[in-house]
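Here's the structure, in structure tokens; my notes come after.
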Amino acid sequence: MKKNRPAFSEEVMEQNCCILGIESSCDDTSAAVLRDGVLLSNVIASQEVHRKYGGVVPELASRAHQQNIVPVVDAALREAGISRKDISAVAFTRGPGLMGSLLVGTSFAKGFALATGCRMIDVNHLQAHVLANFVHTAAEDRPLPPLPFLCLLVSGGHTQIIAVRAPLEMEILGQTIDDAAGEAFDKCAKVMGLGYPGGPVIDRYAASGDIRKYQFSRPHVPDLDYSFSGLKTSFLYFLRDAMKEDPDFIEPHLPDLCASLQHTIVSILLDKLKLAVRQTGIKAVALAGGVAANSYLRRETEALGNRLGWQVFLPAPRYTTDNAAMIAMVGYYKYLAGEFAAQDIAPLARMEF
Ligand code: KG4
Ligand code: ZN
């Protein structure tokens, strides 16, 4: 296992390859600078405006991106100590995501490339979440996953088990047939009145709750696929019945409700991950996506790995939620592979690998 260097890059290591990454797929505007695979800066402007609506409002998101993008890019370049003319390529999220939000980042990248003469690289947001596992600064000395590895990608929109055979060669082994794990967190948080995004709030309340206090329904989906819509409904019905008896049921029971719900979601995720390891024989396992910031999922994955002899890789939470460092990381590998985009490229709201 190598340290502090993205896997399999040394044969083609190019000196002074500077990638400017741009992320604008949902409600975070982010820019990052990566030099020769090492992160120099990663600036994220989160949009608070959506909180009061209980979810992301697409129109407001694109307007906020439009306001944030120039200052965020300026800050990322300044923090990295890199000038615009030193950028070799601008890598931007092409999709999947909200069309209006994606258009801001894509258009910015086109303008930047035209103005500076640098190359453009289109990036799949999901592939970027996976490669967040390779993101590191010069000071971050942590082991990087060997190839091949399995990645459990759990975000607000996706839940997938992916076999990563090379940085740009990924295969989806299983995925959710309805809601994503992040959606399950967010929707259940909403019915408890915990606001948006609910995942981090549930994580906090769960810390002092009993994971076995309540039982919620578990899906019966074959192979490596997931389902979370049944759990959401069972949680909703449970609360509805409990509140018939006691209208103030939620507040005093929040820690136990959150701990039991979180335990159910994490057990569903890890049961299929265990199956994927058994089926593929790949024992290097990584987490990715916003839900990978969940403290219980991280702890349980590590504990499982210790028991079953896996190598477990947990990216720092700042690289698991939406950020441009991961976009720049895909950009770096595509740069080395000579995969560039042209000025007529358009964003895609839906996009597979
Ligand atoms: O990857 P991400 O930032 O955006 C998407 O591409 O979807 O993921 C956002 C999701 C939200 O559903 C949010 O509730 C969840 O990640 N999340 C968490 C935690 N932090 C973020 N879920 C559970 N526990 C957390 N600590
Ligand atoms: Zn994301």
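Numbering starts fresh at 1 for the residues of each chain in the structure tokens, the chains themselves are lettered A, B, ... in the order given, and ligands are numbered from 1 as they appear.
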- Message: Which residues are near ligand 2 - at most 6 Å, using only C-alpha atoms and all ligand atoms? Format: as a PyMOL selection string.
- Response: chain A and resi 155+289+322
Prev. selection, C-alpha atoms, output as a tab-separated table (two decimals), in the first residue's frame:
```tsv
chain	number	residue	atom	x	y	z
A	155	SER	CA	-25.25	10.10	-0.47
A	289	GLY	CA	-20.70	10.19	-0.07
A	322	ASP	CA	-19.97	17.54	-1.66
```
- Message: Please return as a ChimeraX atom specification the residues found within 8 Å of ligand 1, counting only C-alpha atoms and all ligand atoms.
- Response: /A:25-26,97,125-126,129,154-158,181-186,196-204,288-295,317,320-323
Export N, CA, C and O atoms of the chosen residues as a short mmCIF file (atom, residue, chain, number, x, y, z; two decimals), in the first residue's frame?
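Printed below is out-v6.cif as written:
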```cif
data_model
loop_
_atom_site.label_atom_id
_atom_site.label_comp_id
_atom_site.auth_asym_id
_atom_site.auth_seq_id
_atom_site.Cartn_x
_atom_site.Cartn_y
_atom_site.Cartn_z
N SER A 25 -23.18 20.77 -8.09
CA SER A 25 -24.29 19.90 -8.52
C SER A 25 -25.55 20.07 -7.70
O SER A 25 -26.64 19.81 -8.17
N CYS A 26 -25.40 20.51 -6.44
CA CYS A 26 -26.59 20.60 -5.59
C CYS A 26 -26.60 21.94 -4.84
O CYS A 26 -26.83 22.97 -5.46
N GLY A 97 -27.15 15.82 -11.12
CA GLY A 97 -27.43 16.90 -10.17
C GLY A 97 -28.58 17.75 -10.67
O GLY A 97 -29.30 17.38 -11.59
N HIS A 125 -20.12 13.19 -10.96
CA HIS A 125 -20.14 13.49 -9.52
C HIS A 125 -20.00 12.21 -8.66
O HIS A 125 -19.37 12.23 -7.60
N LEU A 126 -20.58 11.11 -9.14
CA LEU A 126 -20.55 9.87 -8.34
C LEU A 126 -19.15 9.27 -8.34
O LEU A 126 -18.65 8.80 -7.31
N HIS A 129 -17.18 11.17 -5.86
CA HIS A 129 -17.37 10.76 -4.46
C HIS A 129 -16.47 9.56 -4.14
O HIS A 129 -15.88 9.48 -3.07
N VAL A 154 -22.73 6.28 -0.36
CA VAL A 154 -24.00 6.60 0.28
C VAL A 154 -24.17 8.12 0.36
O VAL A 154 -23.48 8.78 1.12
N SER A 155 -25.07 8.64 -0.47
CA SER A 155 -25.25 10.10 -0.47
C SER A 155 -26.74 10.42 -0.39
O SER A 155 -27.56 9.54 -0.16
N GLY A 156 -27.07 11.70 -0.62
CA GLY A 156 -28.47 12.09 -0.57
C GLY A 156 -29.27 11.52 -1.73
O GLY A 156 -30.48 11.33 -1.63
N GLY A 157 -28.61 11.26 -2.83
CA GLY A 157 -29.32 10.79 -4.02
C GLY A 157 -28.98 9.37 -4.43
O GLY A 157 -29.66 8.79 -5.28
N HIS A 158 -27.92 8.80 -3.87
CA HIS A 158 -27.45 7.49 -4.34
C HIS A 158 -27.03 6.57 -3.20
O HIS A 158 -26.56 7.04 -2.16
N ALA A 181 -29.94 6.12 0.98
CA ALA A 181 -29.78 6.10 2.44
C ALA A 181 -29.88 7.53 3.01
O ALA A 181 -30.50 7.74 4.06
N GLY A 182 -29.29 8.48 2.33
CA GLY A 182 -29.34 9.88 2.79
C GLY A 182 -30.76 10.40 2.82
O GLY A 182 -31.16 11.15 3.71
N GLU A 183 -31.55 9.97 1.82
CA GLU A 183 -32.96 10.37 1.78
C GLU A 183 -33.70 9.80 2.98
O GLU A 183 -34.58 10.46 3.55
N ALA A 184 -33.38 8.55 3.33
CA ALA A 184 -34.03 7.92 4.49
C ALA A 184 -33.72 8.74 5.75
O ALA A 184 -34.62 9.04 6.54
N PHE A 185 -32.47 9.14 5.91
CA PHE A 185 -32.11 9.99 7.05
C PHE A 185 -32.90 11.30 6.99
O PHE A 185 -33.50 11.72 7.98
N ASP A 186 -32.87 11.95 5.82
CA ASP A 186 -33.47 13.29 5.71
C ASP A 186 -34.99 13.27 5.87
O ASP A 186 -35.56 14.13 6.53
N TYR A 196 -33.46 20.33 7.79
CA TYR A 196 -32.68 19.79 6.68
C TYR A 196 -31.26 20.34 6.69
O TYR A 196 -31.08 21.53 6.94
N PRO A 197 -30.22 19.57 6.36
CA PRO A 197 -30.26 18.12 6.15
C PRO A 197 -30.32 17.38 7.49
O PRO A 197 -29.65 17.76 8.44
N GLY A 198 -31.12 16.31 7.53
CA GLY A 198 -31.40 15.66 8.80
C GLY A 198 -30.33 14.68 9.26
O GLY A 198 -30.24 14.38 10.46
N GLY A 199 -29.53 14.15 8.31
CA GLY A 199 -28.54 13.13 8.67
C GLY A 199 -27.64 13.53 9.84
O GLY A 199 -27.55 12.81 10.84
N PRO A 200 -26.99 14.69 9.75
CA PRO A 200 -26.09 15.08 10.85
C PRO A 200 -26.81 15.26 12.17
O PRO A 200 -26.25 14.98 13.24
N VAL A 201 -28.07 15.71 12.14
CA VAL A 201 -28.83 15.94 13.38
C VAL A 201 -29.16 14.58 14.02
O VAL A 201 -29.01 14.39 15.24
N ILE A 202 -29.59 13.62 13.19
CA ILE A 202 -29.89 12.28 13.71
C ILE A 202 -28.61 11.69 14.32
O ILE A 202 -28.64 11.09 15.40
N ASP A 203 -27.50 11.86 13.64
CA ASP A 203 -26.20 11.39 14.12
C ASP A 203 -25.94 11.92 15.54
O ASP A 203 -25.54 11.17 16.45
N ARG A 204 -26.21 13.20 15.74
CA ARG A 204 -25.93 13.83 17.05
C ARG A 204 -26.86 13.30 18.14
O ARG A 204 -26.41 12.90 19.21
N ALA A 288 -17.91 6.33 0.93
CA ALA A 288 -17.92 7.61 0.21
C ALA A 288 -19.31 8.20 0.25
O ALA A 288 -20.29 7.51 0.55
N GLY A 289 -19.41 9.51 -0.05
CA GLY A 289 -20.70 10.19 -0.07
C GLY A 289 -21.03 10.80 1.28
O GLY A 289 -20.43 10.44 2.30
N GLY A 290 -22.01 11.72 1.29
CA GLY A 290 -22.35 12.47 2.50
C GLY A 290 -22.64 11.61 3.71
O GLY A 290 -22.22 11.95 4.83
N VAL A 291 -23.34 10.49 3.52
CA VAL A 291 -23.70 9.65 4.67
C VAL A 291 -22.46 8.96 5.26
O VAL A 291 -22.48 8.51 6.41
N ALA A 292 -21.38 8.91 4.51
CA ALA A 292 -20.13 8.33 5.03
C ALA A 292 -19.56 9.19 6.15
O ALA A 292 -18.61 8.78 6.83
N ALA A 293 -20.13 10.39 6.36
CA ALA A 293 -19.72 11.22 7.50
C ALA A 293 -20.38 10.71 8.78
O ALA A 293 -20.01 11.14 9.88
N ASN A 294 -21.35 9.80 8.66
CA ASN A 294 -22.08 9.34 9.84
C ASN A 294 -21.17 8.58 10.80
O ASN A 294 -20.53 7.60 10.44
N SER A 295 -21.15 9.03 12.04
CA SER A 295 -20.17 8.48 12.99
C SER A 295 -20.43 7.01 13.30
O SER A 295 -19.51 6.22 13.46
N PRO A 317 -14.51 13.40 6.91
CA PRO A 317 -15.85 13.90 6.58
C PRO A 317 -15.85 15.11 5.63
O PRO A 317 -16.76 15.25 4.83
N THR A 320 -16.17 13.74 2.27
CA THR A 320 -17.28 12.83 1.94
C THR A 320 -18.52 13.60 1.48
O THR A 320 -19.24 13.14 0.60
N THR A 321 -18.78 14.76 2.10
CA THR A 321 -19.91 15.57 1.60
C THR A 321 -19.42 16.31 0.34
O THR A 321 -18.23 16.29 0.03
N ASP A 322 -20.34 16.96 -0.36
CA ASP A 322 -19.97 17.54 -1.66
C ASP A 322 -18.81 18.53 -1.52
O ASP A 322 -18.84 19.43 -0.68
N ASN A 323 -17.81 18.36 -2.37
CA ASN A 323 -16.62 19.22 -2.34
C ASN A 323 -15.92 19.16 -3.70
O ASN A 323 -16.12 18.21 -4.46
#
```
- Between A:Met192, A:Ala286, A:Ile177, A:Met120, single out the one closest to Leu239 (chain A), counting only C-alpha atoms.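 The answer is A:Met192, which sits nearest to Leu239 (chain A).
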- Query: Leaving out Ala206 (chain A) and any residue of its chain fewer than 2 positions from it, which residues lie within 9 Å of it when counting only C-alpha atoms, given as a ChimeraX atom specification?
  - Reply: /A:201-204,208-211,254-263,296
Let's have the selection written as a PDB file, in the first residue's frame, with N, CA and C atoms.
```
ATOM      1  N   VAL A 201     -28.074  15.715  12.138  1.00  0.00           N
ATOM      2  CA  VAL A 201     -28.827  15.936  13.384  1.00  0.00           C
ATOM      3  C   VAL A 201     -29.155  14.584  14.022  1.00  0.00           C
ATOM      4  N   ILE A 202     -29.588  13.622  13.189  1.00  0.00           N
ATOM      5  CA  ILE A 202     -29.888  12.280  13.711  1.00  0.00           C
ATOM      6  C   ILE A 202     -28.612  11.686  14.323  1.00  0.00           C
ATOM      7  N   ASP A 203     -27.500  11.859  13.641  1.00  0.00           N
ATOM      8  CA  ASP A 203     -26.198  11.385  14.124  1.00  0.00           C
ATOM      9  C   ASP A 203     -25.935  11.915  15.544  1.00  0.00           C
ATOM     10  N   ARG A 204     -26.207  13.200  15.737  1.00  0.00           N
ATOM     11  CA  ARG A 204     -25.932  13.828  17.049  1.00  0.00           C
ATOM     12  C   ARG A 204     -26.861  13.301  18.140  1.00  0.00           C
ATOM     13  N   SER A 208     -26.655   9.562  22.249  1.00  0.00           N
ATOM     14  CA  SER A 208     -27.049   9.260  23.626  1.00  0.00           C
ATOM     15  C   SER A 208     -28.292   8.359  23.682  1.00  0.00           C
ATOM     16  N   GLY A 209     -28.619   7.693  22.561  1.00  0.00           N
ATOM     17  CA  GLY A 209     -29.833   6.862  22.527  1.00  0.00           C
ATOM     18  C   GLY A 209     -29.534   5.372  22.543  1.00  0.00           C
ATOM     19  N   ASP A 210     -30.624   4.587  22.660  1.00  0.00           N
ATOM     20  CA  ASP A 210     -30.524   3.132  22.713  1.00  0.00           C
ATOM     21  C   ASP A 210     -30.839   2.568  21.321  1.00  0.00           C
ATOM     22  N   ILE A 211     -29.877   1.862  20.717  1.00  0.00           N
ATOM     23  CA  ILE A 211     -30.065   1.385  19.336  1.00  0.00           C
ATOM     24  C   ILE A 211     -31.112   0.277  19.245  1.00  0.00           C
ATOM     25  N   LEU A 254     -36.360  11.488  21.360  1.00  0.00           N
ATOM     26  CA  LEU A 254     -35.506  11.719  20.184  1.00  0.00           C
ATOM     27  C   LEU A 254     -34.216  10.888  20.170  1.00  0.00           C
ATOM     28  N   PRO A 255     -33.469  10.823  21.287  1.00  0.00           N
ATOM     29  CA  PRO A 255     -32.217  10.043  21.224  1.00  0.00           C
ATOM     30  C   PRO A 255     -32.459   8.577  20.856  1.00  0.00           C
ATOM     31  N   ASP A 256     -33.470   7.940  21.489  1.00  0.00           N
ATOM     32  CA  ASP A 256     -33.745   6.523  21.198  1.00  0.00           C
ATOM     33  C   ASP A 256     -34.282   6.335  19.784  1.00  0.00           C
ATOM     34  N   LEU A 257     -35.147   7.251  19.353  1.00  0.00           N
ATOM     35  CA  LEU A 257     -35.679   7.162  17.982  1.00  0.00           C
ATOM     36  C   LEU A 257     -34.538   7.254  16.969  1.00  0.00           C
ATOM     37  N   CYS A 258     -33.662   8.236  17.166  1.00  0.00           N
ATOM     38  CA  CYS A 258     -32.554   8.461  16.218  1.00  0.00           C
ATOM     39  C   CYS A 258     -31.571   7.295  16.252  1.00  0.00           C
ATOM     40  N   ALA A 259     -31.256   6.801  17.453  1.00  0.00           N
ATOM     41  CA  ALA A 259     -30.287   5.702  17.563  1.00  0.00           C
ATOM     42  C   ALA A 259     -30.838   4.437  16.904  1.00  0.00           C
ATOM     43  N   SER A 260     -32.127   4.136  17.135  1.00  0.00           N
ATOM     44  CA  SER A 260     -32.719   2.923  16.569  1.00  0.00           C
ATOM     45  C   SER A 260     -32.832   3.031  15.047  1.00  0.00           C
ATOM     46  N   LEU A 261     -33.228   4.203  14.575  1.00  0.00           N
ATOM     47  CA  LEU A 261     -33.342   4.409  13.121  1.00  0.00           C
ATOM     48  C   LEU A 261     -31.963   4.311  12.462  1.00  0.00           C
ATOM     49  N   GLN A 262     -31.003   4.997  13.037  1.00  0.00           N
ATOM     50  CA  GLN A 262     -29.645   4.999  12.480  1.00  0.00           C
ATOM     51  C   GLN A 262     -29.060   3.582  12.459  1.00  0.00           C
ATOM     52  N   HIS A 263     -29.320   2.838  13.543  1.00  0.00           N
ATOM     53  CA  HIS A 263     -28.846   1.456  13.628  1.00  0.00           C
ATOM     54  C   HIS A 263     -29.463   0.612  12.502  1.00  0.00           C
ATOM     55  N   TYR A 296     -21.706   6.613  13.346  1.00  0.00           N
ATOM     56  CA  TYR A 296     -22.034   5.212  13.662  1.00  0.00           C
ATOM     57  C   TYR A 296     -21.669   4.303  12.489  1.00  0.00           C
TER      58      TYR A 296
END
```
- Query: What lies within 7 Å of Gly37 (chain A) using only C-alpha atoms, ignoring chain neighbours under 2 positions off, as a ChimeraX atom specification?
  - Reply: /A:6,34-35,39,329,332
Write out the residues from the selection above, keeping C-alpha atoms, as a JSON list (two decimals), in the first residue's frame.
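And here's part_30.json as it stands now:
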```
[["chain", "number", "residue", "atom", "x", "y", "z"],
["A", 6, "PRO", "CA", -3.03, 8.47, -5.53],
["A", 34, "LEU", "CA", -4.82, 19.97, -6.89],
["A", 35, "ARG", "CA", -1.15, 19.92, -7.90],
["A", 39, "LEU", "CA", -4.61, 18.93, -2.59],
["A", 329, "MET", "CA", -9.11, 14.25, -8.25],
["A", 332, "TYR", "CA", -6.34, 14.68, -12.43]]
```
- Task: Taking the DSSP assignment computed from this structure's backbone, write out as a PyMOL selection string all residues of region 91-281 of chain A that belong to strand (DSSP E or B).
- Result: chain A and resi 91-95+119-124+137+143+149-154+159-166+169-176+226
Take the residues from that selection and write them out as a compact mmCIF listing (two decimals), in the first residue's frame, keeping N, CA and C atoms.
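Wrote result.txt, looks like this:
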```
# COMPACT_ATOMS: atom_id res chain seq x y z
N ALA A 91 -11.62 21.20 -14.07
CA ALA A 91 -12.50 20.02 -14.02
C ALA A 91 -13.79 20.44 -13.35
N PHE A 92 -14.92 20.12 -13.96
CA PHE A 92 -16.21 20.56 -13.42
C PHE A 92 -17.19 19.39 -13.38
N THR A 93 -18.15 19.46 -12.45
CA THR A 93 -19.18 18.42 -12.35
C THR A 93 -20.14 18.57 -13.52
N ARG A 94 -20.22 17.51 -14.35
CA ARG A 94 -21.17 17.55 -15.46
C ARG A 94 -22.54 17.02 -15.02
N GLY A 95 -22.57 16.14 -14.05
CA GLY A 95 -23.82 15.55 -13.57
C GLY A 95 -23.46 14.33 -12.73
N ARG A 119 -7.24 23.44 -20.49
CA ARG A 119 -8.14 22.38 -20.97
C ARG A 119 -9.37 22.30 -20.06
N MET A 120 -10.41 21.63 -20.55
CA MET A 120 -11.62 21.40 -19.74
C MET A 120 -11.82 19.91 -19.55
N ILE A 121 -12.25 19.52 -18.35
CA ILE A 121 -12.49 18.10 -18.08
C ILE A 121 -13.85 17.96 -17.40
N ASP A 122 -14.72 17.14 -17.99
CA ASP A 122 -16.03 16.91 -17.38
C ASP A 122 -15.93 15.75 -16.40
N VAL A 123 -16.64 15.89 -15.28
CA VAL A 123 -16.51 14.90 -14.20
C VAL A 123 -17.89 14.39 -13.78
N ASN A 124 -17.97 13.08 -13.60
CA ASN A 124 -19.17 12.44 -13.05
C ASN A 124 -19.10 12.57 -11.52
N THR A 137 -3.92 16.17 1.42
CA THR A 137 -2.97 17.27 1.33
C THR A 137 -1.58 16.70 1.62
N PRO A 143 -3.12 6.06 4.74
CA PRO A 143 -3.05 5.08 3.66
C PRO A 143 -4.19 5.28 2.65
N PHE A 149 -10.75 -2.09 -5.01
CA PHE A 149 -11.41 -2.01 -3.71
C PHE A 149 -12.92 -1.86 -3.92
N LEU A 150 -13.66 -2.15 -2.86
CA LEU A 150 -15.11 -1.97 -2.92
C LEU A 150 -15.45 -0.65 -2.26
N CYS A 151 -16.36 0.09 -2.86
CA CYS A 151 -16.74 1.37 -2.27
C CYS A 151 -18.24 1.39 -2.01
N LEU A 152 -18.62 1.66 -0.78
CA LEU A 152 -20.04 1.87 -0.44
C LEU A 152 -20.29 3.37 -0.58
N LEU A 153 -20.99 3.74 -1.65
CA LEU A 153 -21.26 5.15 -1.91
C LEU A 153 -22.66 5.48 -1.40
N VAL A 154 -22.73 6.28 -0.36
CA VAL A 154 -24.00 6.60 0.28
C VAL A 154 -24.17 8.12 0.36
N THR A 159 -27.24 5.28 -3.43
CA THR A 159 -26.72 4.26 -2.53
C THR A 159 -26.26 3.12 -3.42
N GLN A 160 -24.97 2.92 -3.49
CA GLN A 160 -24.42 1.94 -4.44
C GLN A 160 -23.23 1.22 -3.83
N ILE A 161 -23.06 -0.04 -4.24
CA ILE A 161 -21.81 -0.75 -3.94
C ILE A 161 -21.05 -0.83 -5.27
N ILE A 162 -19.84 -0.31 -5.26
CA ILE A 162 -19.08 -0.17 -6.50
C ILE A 162 -17.76 -0.92 -6.39
N ALA A 163 -17.41 -1.66 -7.43
CA ALA A 163 -16.08 -2.28 -7.49
C ALA A 163 -15.19 -1.31 -8.27
N VAL A 164 -14.13 -0.84 -7.61
CA VAL A 164 -13.22 0.11 -8.26
C VAL A 164 -11.98 -0.66 -8.69
N ARG A 165 -11.84 -0.85 -10.01
CA ARG A 165 -10.71 -1.66 -10.50
C ARG A 165 -9.53 -0.78 -10.88
N ALA A 166 -9.81 0.46 -11.27
CA ALA A 166 -8.80 1.47 -11.56
C ALA A 166 -9.47 2.81 -11.29
N GLU A 169 -12.07 3.18 -13.70
CA GLU A 169 -12.77 1.96 -14.10
C GLU A 169 -13.58 1.44 -12.91
N MET A 170 -14.86 1.73 -12.93
CA MET A 170 -15.72 1.36 -11.80
C MET A 170 -16.94 0.59 -12.31
N GLU A 171 -17.38 -0.38 -11.48
CA GLU A 171 -18.56 -1.17 -11.86
C GLU A 171 -19.55 -1.15 -10.70
N ILE A 172 -20.79 -0.80 -11.00
CA ILE A 172 -21.82 -0.81 -9.95
C ILE A 172 -22.30 -2.25 -9.75
N LEU A 173 -22.11 -2.76 -8.53
CA LEU A 173 -22.51 -4.15 -8.24
C LEU A 173 -23.94 -4.21 -7.70
N GLY A 174 -24.37 -3.14 -7.07
CA GLY A 174 -25.73 -3.11 -6.52
C GLY A 174 -26.09 -1.68 -6.18
N GLN A 175 -27.40 -1.40 -6.15
CA GLN A 175 -27.82 -0.02 -5.81
C GLN A 175 -29.26 -0.01 -5.31
N THR A 176 -29.67 1.15 -4.81
CA THR A 176 -31.03 1.21 -4.27
C THR A 176 -32.05 1.17 -5.39
N TYR A 226 -30.43 -2.38 -2.72
CA TYR A 226 -30.97 -1.83 -1.48
C TYR A 226 -32.39 -1.32 -1.70
```
- Between CA of Pro145 (chain A) and CA of Val285 (chain A), what is the spacing in Å? 7.9 Å
- Backbone DSSP call of helix (DSSP H, G or I) for region 118-277 of chain A, listed as a PyMOL selection string: chain A and resi 125-134+181-191+198-206+229-245+250-277
- Can you tell me, as an MDAnalysis selection string, what residues are no more than 9 Å from Arg84 (chain A) when counting only C-alpha atoms, ignoring any on the same chain fewer than 4 positions away? chainID A and resid 77 112 116
Can those selected residues be exported to a file as a PDB file, in the first residue's frame so that it contains all heavy atoms?
```
ATOM      1  N   LEU A  77      -7.872  29.666  -5.351  1.00  0.00           N
ATOM      2  CA  LEU A  77      -6.586  29.965  -6.015  1.00  0.00           C
ATOM      3  C   LEU A  77      -5.637  30.673  -5.042  1.00  0.00           C
ATOM      4  O   LEU A  77      -4.447  30.350  -4.954  1.00  0.00           O
ATOM      5  CB  LEU A  77      -6.821  30.844  -7.251  1.00  0.00           C
ATOM      6  CG  LEU A  77      -7.509  30.143  -8.436  1.00  0.00           C
ATOM      7  CD1 LEU A  77      -7.906  31.164  -9.511  1.00  0.00           C
ATOM      8  CD2 LEU A  77      -6.601  29.081  -9.055  1.00  0.00           C
ATOM      9  N   PHE A 112     -13.780  30.089 -17.988  1.00  0.00           N
ATOM     10  CA  PHE A 112     -12.414  30.056 -17.430  1.00  0.00           C
ATOM     11  C   PHE A 112     -11.442  29.478 -18.466  1.00  0.00           C
ATOM     12  O   PHE A 112     -10.346  29.995 -18.670  1.00  0.00           O
ATOM     13  CB  PHE A 112     -12.415  29.205 -16.153  1.00  0.00           C
ATOM     14  CG  PHE A 112     -11.123  29.251 -15.390  1.00  0.00           C
ATOM     15  CD1 PHE A 112     -10.920  30.210 -14.393  1.00  0.00           C
ATOM     16  CD2 PHE A 112     -10.095  28.361 -15.675  1.00  0.00           C
ATOM     17  CE1 PHE A 112      -9.724  30.263 -13.683  1.00  0.00           C
ATOM     18  CE2 PHE A 112      -8.894  28.415 -14.983  1.00  0.00           C
ATOM     19  CZ  PHE A 112      -8.710  29.365 -13.982  1.00  0.00           C
ATOM     20  N   THR A 116      -8.358  31.563 -20.124  1.00  0.00           N
ATOM     21  CA  THR A 116      -6.968  31.235 -19.745  1.00  0.00           C
ATOM     22  C   THR A 116      -6.294  30.303 -20.754  1.00  0.00           C
ATOM     23  O   THR A 116      -5.083  30.120 -20.696  1.00  0.00           O
ATOM     24  CB  THR A 116      -6.932  30.519 -18.369  1.00  0.00           C
ATOM     25  OG1 THR A 116      -7.640  29.282 -18.484  1.00  0.00           O
ATOM     26  CG2 THR A 116      -7.550  31.370 -17.276  1.00  0.00           C
TER      27      THR A 116
END
```
- Near Lys283 (chain A), counting only C-alpha atoms, which residues have an atom at most 7 Å away, once you skip same-chain residues fewer than 3 positions from it, shown as a ChimeraX atom specification? /A:277,310-311
Those same residues, written as a PDB file, in the first residue's frame with all heavy atoms?
```pdb
ATOM      1  N   VAL A 277     -18.430  -8.364  -0.258  1.00  0.00           N
ATOM      2  CA  VAL A 277     -17.061  -8.835   0.012  1.00  0.00           C
ATOM      3  C   VAL A 277     -17.001 -10.354  -0.203  1.00  0.00           C
ATOM      4  O   VAL A 277     -16.065 -10.867  -0.830  1.00  0.00           O
ATOM      5  CB  VAL A 277     -16.616  -8.459   1.447  1.00  0.00           C
ATOM      6  CG1 VAL A 277     -15.291  -9.135   1.801  1.00  0.00           C
ATOM      7  CG2 VAL A 277     -16.495  -6.948   1.598  1.00  0.00           C
ATOM      8  N   TRP A 310     -10.957  -7.121   6.976  1.00  0.00           N
ATOM      9  CA  TRP A 310     -10.949  -6.196   5.841  1.00  0.00           C
ATOM     10  C   TRP A 310      -9.953  -5.070   6.120  1.00  0.00           C
ATOM     11  O   TRP A 310      -9.665  -4.749   7.268  1.00  0.00           O
ATOM     12  CB  TRP A 310     -12.298  -5.504   5.644  1.00  0.00           C
ATOM     13  CG  TRP A 310     -13.494  -6.367   5.460  1.00  0.00           C
ATOM     14  CD1 TRP A 310     -13.526  -7.722   5.259  1.00  0.00           C
ATOM     15  CD2 TRP A 310     -14.860  -5.929   5.481  1.00  0.00           C
ATOM     16  NE1 TRP A 310     -14.823  -8.138   5.136  1.00  0.00           N
ATOM     17  CE2 TRP A 310     -15.664  -7.065   5.265  1.00  0.00           C
ATOM     18  CE3 TRP A 310     -15.484  -4.688   5.634  1.00  0.00           C
ATOM     19  CZ2 TRP A 310     -17.054  -6.987   5.209  1.00  0.00           C
ATOM     20  CZ3 TRP A 310     -16.861  -4.616   5.586  1.00  0.00           C
ATOM     21  CH2 TRP A 310     -17.641  -5.757   5.370  1.00  0.00           C
ATOM     22  N   GLN A 311      -9.498  -4.444   5.030  1.00  0.00           N
ATOM     23  CA  GLN A 311      -8.827  -3.150   5.158  1.00  0.00           C
ATOM     24  C   GLN A 311      -9.920  -2.111   4.955  1.00  0.00           C
ATOM     25  O   GLN A 311     -10.595  -2.130   3.917  1.00  0.00           O
ATOM     26  CB  GLN A 311      -7.826  -2.952   4.026  1.00  0.00           C
ATOM     27  CG  GLN A 311      -6.507  -3.663   4.174  1.00  0.00           C
ATOM     28  CD  GLN A 311      -5.687  -3.381   2.923  1.00  0.00           C
ATOM     29  OE1 GLN A 311      -5.934  -3.958   1.873  1.00  0.00           O
ATOM     30  NE2 GLN A 311      -4.721  -2.484   3.032  1.00  0.00           N
TER      31      GLN A 311
END
```
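One distance worth recording is that between CA of Asp141 (chain A) and CA of Asn42 (chain A), which is 17.3 Å.
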